[in-house]
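A short worksheet on the structure shown next.
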Amino acid sequence: MKTLTKKVADWQIETFDVHNEYRALSGGRKKSLKRYGKTYEEKYHDLTWHMGALYAGLDRWRTVADDPAPYNDFLKMIGGRNGWKLYERPYNADDHTVGQFYLSLYEEFKDPAMLEPTQRHFDWILSNPKNGSLEWCGYKKPYATDCHDRWGWCDALFMAPPVWARLANVTGNRKYLDFMDREYHATYDLLWDKDDRLFWRDTSYFPKREANGNKLYWARGNGWVFGGLALMIPDLPENWEGRAFYVELYKQMAESLENCQRVDGTWSMGLLGGTDGYPVKETSGTSFYTFGLAWGINNGLLDRGTYEPIVFKAWQALTECVTDEGLLGYVQPVGAAPGDSYADKTEVYGIGAFLAAGTEVYKLVAGDDRKIK
């Protein structure tokens with residue numbers, strides 16, 4: 001298990017500068033890029049959300065790696081060459097994602113340069129808050145609502161809230177926690193389905209249905225939320241009155257995920273669409289769920305007897321999607337809804353989720369002589 005996770009981590013670092021050669025794009029995404037004068041071949045900037053998710057996984061992996069030095073050095077190199085700054089858009093949650101690993105490194109190495117730009121940026125947001133509607137307005141500017149400048153899509157709950165919670169933790173300043181809690185609840189109130197106990201991707205998905213008639217809940221979208229909770233809950237104060245909401249939300253999502261895992265161990269790209277609707281497996285959503293469920297067992301939030309078989313089955317499915325070289329296949333390309341996946345194509349964010357999963361599953365079985373079956 002540890003050897004396989006290391007292989008994937010090392011492969012990603014070795015191919016980091018040519019990461020664009022290993023990804024696929026859906027037809028719609030290709031058209032979108034063409035419309036904005038971009039091409040499939042273009043690389044992601046170091047500080048995009050795609051990369052932020054990769055760094056979050058590497059940050060988890062380095063804590064159990066036999067030799068963490070190469071991963072520490074890589075992450076420090078990324079932060080250093082970008083001045084430890086967040087990305088371009090001042091409010092957009094996607095551009096805050098890299099703050100997760102900045103603050104994690106700060107906790108360990110105590111270099112103020114790793115902290116100060118993120119804290120300064122978030123202080124500016126607190127002084128200049130957005131208060132408009134979260135109703136989805138698409139991507140045509142000028143935007144009709146504040147859905148992009150607040151957390152108007154469920155993916156945002158992975159990208160930004162863990163940074164705000166960690167900043168509150170490392171600084172001891174409650175104002176960051178209060179902001180996170182207020183904005184998180186606004187998104188929850190809008191996008192959480194109380195019947196199915198899953199998140200809509202955004203308000204434009206409310207009328208959408210699967211071929212079988214069930215509501216359309218995007219797997220990776222819910223994976224972003226579930227993985228984000230596993231990242232964030234450890235930074236919430238034990239005696240904080242708001243903590244119970246996040247723990248209960250996590251547990252409710254875990255129960256829903258238990259009920260829709262596929263026979264092959266993965267989760268369908270549309271969680272309630274079944275294998276008929278989604279015959280091809282997908283690994284980014286599955287990786288986030290494997291990470292989150294294993295984390296819950298390790299931290300006493302989930303019953304081991306109930307959830308351990310689910311985690312082991314999912315991990316086995318993921319291992320079958322890793323090539324001999326270390327590429328994690330079947331990662332759905334960038335999108336906002338179920339799409340395609342390919343055995344020989346990957347994405348950096350999918351690998352980040354896999355590294356987080358491998359780390360937690362390793363912790364789950366470390367010192368345990370039982371075998372994954």
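Residues in the structure tokens are numbered from 1 in each chain, the chains being A, B, ... in the order shown, and ligands are numbered from 1 in the order shown.
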Give me, as a tab-separated table (two decimals) with C-alpha atoms, in the first residue's frame, all polymer residues having an atom no more than 12 Å from Trp200 (chain A), counting only C-alpha atoms and skipping those fewer than 6 positions away in the same chain.
```tsv
chain	number	residue	atom	x	y	z
A	136	TRP	CA	-25.74	30.34	-9.93
A	152	GLY	CA	-21.97	29.37	-4.71
A	153	TRP	CA	-20.88	25.92	-5.89
A	154	CYS	CA	-20.25	22.88	-3.73
A	155	ASP	CA	-16.63	22.41	-4.87
A	187	THR	CA	-23.83	27.39	0.94
A	188	TYR	CA	-25.23	24.50	2.97
A	189	ASP	CA	-28.63	26.16	3.28
A	190	LEU	CA	-28.77	26.60	-0.50
A	191	LEU	CA	-27.24	23.38	-1.89
A	192	TRP	CA	-27.82	20.65	0.70
A	193	ASP	CA	-30.63	18.21	-0.11
A	194	LYS	CA	-32.12	17.12	3.20
A	206	PHE	CA	-31.95	21.57	-9.07
A	207	PRO	CA	-34.15	20.40	-11.99
A	208	LYS	CA	-31.65	17.91	-13.43
A	209	ARG	CA	-32.29	14.17	-13.18
A	215	LYS	CA	-31.64	13.54	-8.73
A	216	LEU	CA	-28.27	14.33	-10.26
A	217	TYR	CA	-25.57	14.64	-7.60
A	218	TRP	CA	-22.09	14.90	-9.07
A	219	ALA	CA	-19.70	12.47	-7.40
A	220	ARG	CA	-16.59	14.62	-7.46
A	221	GLY	CA	-18.60	17.63	-6.35
A	222	ASN	CA	-19.70	15.76	-3.24
A	223	GLY	CA	-16.18	14.40	-2.97
A	224	TRP	CA	-14.88	17.94	-2.74
A	225	VAL	CA	-17.24	18.59	0.16
A	270	GLY	CA	-23.65	10.69	-10.80
A	271	LEU	CA	-24.04	9.19	-7.34
A	336	ALA	CA	-18.97	20.54	-13.19
A	337	ALA	CA	-21.03	17.41	-13.82
```
Which residues of region 232-272 of chain A come within 12 Å of region 287-304 of chain A, and for each one, what is the closest pair of atoms and their distance in Å to one decimal, counting only C-alpha atoms, sorted by chain and residue number, as JSON lines?
```
{"residue": "A:Met232", "atom": "CA", "partner": "A:Gly292", "partner_atom": "CA", "distance": 11.1}
{"residue": "A:Ile233", "atom": "CA", "partner": "A:Gly296", "partner_atom": "CA", "distance": 10.3}
{"residue": "A:Pro234", "atom": "CA", "partner": "A:Asn299", "partner_atom": "CA", "distance": 9.4}
{"residue": "A:Ala244", "atom": "CA", "partner": "A:Leu301", "partner_atom": "CA", "distance": 11.6}
{"residue": "A:Tyr246", "atom": "CA", "partner": "A:Leu301", "partner_atom": "CA", "distance": 11.5}
{"residue": "A:Val247", "atom": "CA", "partner": "A:Leu301", "partner_atom": "CA", "distance": 7.9}
{"residue": "A:Glu248", "atom": "CA", "partner": "A:Leu301", "partner_atom": "CA", "distance": 9.4}
{"residue": "A:Leu249", "atom": "CA", "partner": "A:Leu301", "partner_atom": "CA", "distance": 11.4}
{"residue": "A:Tyr250", "atom": "CA", "partner": "A:Gly296", "partner_atom": "CA", "distance": 8.6}
{"residue": "A:Lys251", "atom": "CA", "partner": "A:Leu302", "partner_atom": "CA", "distance": 7.4}
{"residue": "A:Gln252", "atom": "CA", "partner": "A:Leu302", "partner_atom": "CA", "distance": 10.6}
{"residue": "A:Met253", "atom": "CA", "partner": "A:Leu293", "partner_atom": "CA", "distance": 9.8}
{"residue": "A:Ala254", "atom": "CA", "partner": "A:Leu293", "partner_atom": "CA", "distance": 6.9}
{"residue": "A:Glu255", "atom": "CA", "partner": "A:Leu302", "partner_atom": "CA", "distance": 9.5}
{"residue": "A:Ser256", "atom": "CA", "partner": "A:Tyr289", "partner_atom": "CA", "distance": 11.1}
{"residue": "A:Leu257", "atom": "CA", "partner": "A:Tyr289", "partner_atom": "CA", "distance": 7.9}
{"residue": "A:Glu258", "atom": "CA", "partner": "A:Leu293", "partner_atom": "CA", "distance": 9.4}
{"residue": "A:Cys260", "atom": "CA", "partner": "A:Tyr289", "partner_atom": "CA", "distance": 11.5}
{"residue": "A:Gln261", "atom": "CA", "partner": "A:Tyr289", "partner_atom": "CA", "distance": 9.9}
{"residue": "A:Gly265", "atom": "CA", "partner": "A:Thr290", "partner_atom": "CA", "distance": 9.9}
{"residue": "A:Thr266", "atom": "CA", "partner": "A:Ser287", "partner_atom": "CA", "distance": 8.7}
{"residue": "A:Trp267", "atom": "CA", "partner": "A:Tyr289", "partner_atom": "CA", "distance": 8.6}
{"residue": "A:Ser268", "atom": "CA", "partner": "A:Tyr289", "partner_atom": "CA", "distance": 11.7}
{"residue": "A:Leu271", "atom": "CA", "partner": "A:Tyr289", "partner_atom": "CA", "distance": 11.7}
```
For the selection just defined, write its residues with N, CA and C atoms to a file, as a PDB file, in the first residue's frame.
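So the final result, stored in again_11.pdb, reads:
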```pdb
ATOM      1  N   MET A 232     -10.859  19.831   7.284  1.00  0.00           N
ATOM      2  CA  MET A 232     -11.176  20.993   8.115  1.00  0.00           C
ATOM      3  C   MET A 232     -11.513  20.663   9.555  1.00  0.00           C
ATOM      4  N   ILE A 233     -12.222  19.588   9.795  1.00  0.00           N
ATOM      5  CA  ILE A 233     -12.689  19.290  11.150  1.00  0.00           C
ATOM      6  C   ILE A 233     -11.553  19.247  12.168  1.00  0.00           C
ATOM      7  N   PRO A 234     -10.368  18.701  11.837  1.00  0.00           N
ATOM      8  CA  PRO A 234      -9.293  18.715  12.833  1.00  0.00           C
ATOM      9  C   PRO A 234      -8.865  20.107  13.280  1.00  0.00           C
ATOM     10  N   ALA A 244     -20.125  20.796  16.160  1.00  0.00           N
ATOM     11  CA  ALA A 244     -21.068  19.675  16.054  1.00  0.00           C
ATOM     12  C   ALA A 244     -21.764  19.651  14.698  1.00  0.00           C
ATOM     13  N   TYR A 246     -20.560  20.406  11.753  1.00  0.00           N
ATOM     14  CA  TYR A 246     -19.689  19.837  10.726  1.00  0.00           C
ATOM     15  C   TYR A 246     -19.485  18.341  10.936  1.00  0.00           C
ATOM     16  N   VAL A 247     -19.397  17.926  12.178  1.00  0.00           N
ATOM     17  CA  VAL A 247     -19.267  16.499  12.465  1.00  0.00           C
ATOM     18  C   VAL A 247     -20.536  15.759  12.042  1.00  0.00           C
ATOM     19  N   GLU A 248     -21.690  16.323  12.346  1.00  0.00           N
ATOM     20  CA  GLU A 248     -22.953  15.690  11.974  1.00  0.00           C
ATOM     21  C   GLU A 248     -23.129  15.674  10.454  1.00  0.00           C
ATOM     22  N   LEU A 249     -22.759  16.754   9.781  1.00  0.00           N
ATOM     23  CA  LEU A 249     -22.830  16.797   8.324  1.00  0.00           C
ATOM     24  C   LEU A 249     -21.940  15.714   7.727  1.00  0.00           C
ATOM     25  N   TYR A 250     -20.745  15.585   8.255  1.00  0.00           N
ATOM     26  CA  TYR A 250     -19.829  14.543   7.794  1.00  0.00           C
ATOM     27  C   TYR A 250     -20.453  13.153   7.950  1.00  0.00           C
ATOM     28  N   LYS A 251     -21.033  12.879   9.091  1.00  0.00           N
ATOM     29  CA  LYS A 251     -21.617  11.564   9.341  1.00  0.00           C
ATOM     30  C   LYS A 251     -22.810  11.291   8.419  1.00  0.00           C
ATOM     31  N   GLN A 252     -23.616  12.303   8.171  1.00  0.00           N
ATOM     32  CA  GLN A 252     -24.762  12.113   7.275  1.00  0.00           C
ATOM     33  C   GLN A 252     -24.296  11.802   5.854  1.00  0.00           C
ATOM     34  N   MET A 253     -23.263  12.507   5.411  1.00  0.00           N
ATOM     35  CA  MET A 253     -22.739  12.221   4.072  1.00  0.00           C
ATOM     36  C   MET A 253     -22.160  10.814   4.009  1.00  0.00           C
ATOM     37  N   ALA A 254     -21.478  10.392   5.062  1.00  0.00           N
ATOM     38  CA  ALA A 254     -20.898   9.049   5.096  1.00  0.00           C
ATOM     39  C   ALA A 254     -21.984   7.981   4.941  1.00  0.00           C
ATOM     40  N   GLU A 255     -23.107   8.170   5.612  1.00  0.00           N
ATOM     41  CA  GLU A 255     -24.205   7.217   5.487  1.00  0.00           C
ATOM     42  C   GLU A 255     -24.738   7.178   4.061  1.00  0.00           C
ATOM     43  N   SER A 256     -24.872   8.335   3.445  1.00  0.00           N
ATOM     44  CA  SER A 256     -25.359   8.374   2.063  1.00  0.00           C
ATOM     45  C   SER A 256     -24.388   7.676   1.126  1.00  0.00           C
ATOM     46  N   LEU A 257     -23.105   7.874   1.346  1.00  0.00           N
ATOM     47  CA  LEU A 257     -22.092   7.239   0.497  1.00  0.00           C
ATOM     48  C   LEU A 257     -22.065   5.729   0.700  1.00  0.00           C
ATOM     49  N   GLU A 258     -22.291   5.306   1.922  1.00  0.00           N
ATOM     50  CA  GLU A 258     -22.363   3.861   2.193  1.00  0.00           C
ATOM     51  C   GLU A 258     -23.436   3.212   1.329  1.00  0.00           C
ATOM     52  N   CYS A 260     -24.588   4.076  -1.635  1.00  0.00           N
ATOM     53  CA  CYS A 260     -24.527   4.144  -3.102  1.00  0.00           C
ATOM     54  C   CYS A 260     -23.183   3.712  -3.678  1.00  0.00           C
ATOM     55  N   GLN A 261     -22.364   3.011  -2.893  1.00  0.00           N
ATOM     56  CA  GLN A 261     -21.130   2.458  -3.455  1.00  0.00           C
ATOM     57  C   GLN A 261     -21.473   1.347  -4.449  1.00  0.00           C
ATOM     58  N   GLY A 265     -16.654  -1.277  -6.151  1.00  0.00           N
ATOM     59  CA  GLY A 265     -15.930  -0.537  -5.125  1.00  0.00           C
ATOM     60  C   GLY A 265     -15.849   0.952  -5.361  1.00  0.00           C
ATOM     61  N   THR A 266     -16.176   1.417  -6.558  1.00  0.00           N
ATOM     62  CA  THR A 266     -16.142   2.847  -6.854  1.00  0.00           C
ATOM     63  C   THR A 266     -17.521   3.457  -6.626  1.00  0.00           C
ATOM     64  N   TRP A 267     -17.631   4.750  -6.915  1.00  0.00           N
ATOM     65  CA  TRP A 267     -18.909   5.449  -6.899  1.00  0.00           C
ATOM     66  C   TRP A 267     -19.164   6.009  -8.288  1.00  0.00           C
ATOM     67  N   SER A 268     -20.395   5.930  -8.743  1.00  0.00           N
ATOM     68  CA  SER A 268     -20.748   6.449 -10.060  1.00  0.00           C
ATOM     69  C   SER A 268     -20.542   7.963 -10.114  1.00  0.00           C
ATOM     70  N   LEU A 271     -24.006  10.144  -8.452  1.00  0.00           N
ATOM     71  CA  LEU A 271     -24.040   9.191  -7.345  1.00  0.00           C
ATOM     72  C   LEU A 271     -25.258   8.274  -7.351  1.00  0.00           C
TER      73      LEU A 271
END
```
Using the chain letters and numbers from this document, which residues of region 104-223 of chain A does DSSP assign to strand (DSSP E), as a ChimeraX atom specification?
/A:192-193,198-199
Using only C-alpha atoms, pick whichever of A:Asn259, A:Phe101, A:Gly80, A:Leu318 has the shortest atom-to-atom distance to Leu54 (chain A).
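Of A:Asn259, A:Phe101, A:Gly80, A:Leu318, the one nearest Leu54 (chain A), counting only C-alpha atoms, is A:Phe101.
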Could you give me, as a ChimeraX atom specification, each residue of region 278-354 of chain A that DSSP assigns to helix (DSSP H, G or I) when run on this structure's backbone?
/A:284-298,304-319,348-354
Residues within 8 Å of region 139-148 of chain A, please, as a count of residues only. Count only C-alpha atoms; anything in the same chain fewer than 4 positions from it doesn't count.
11
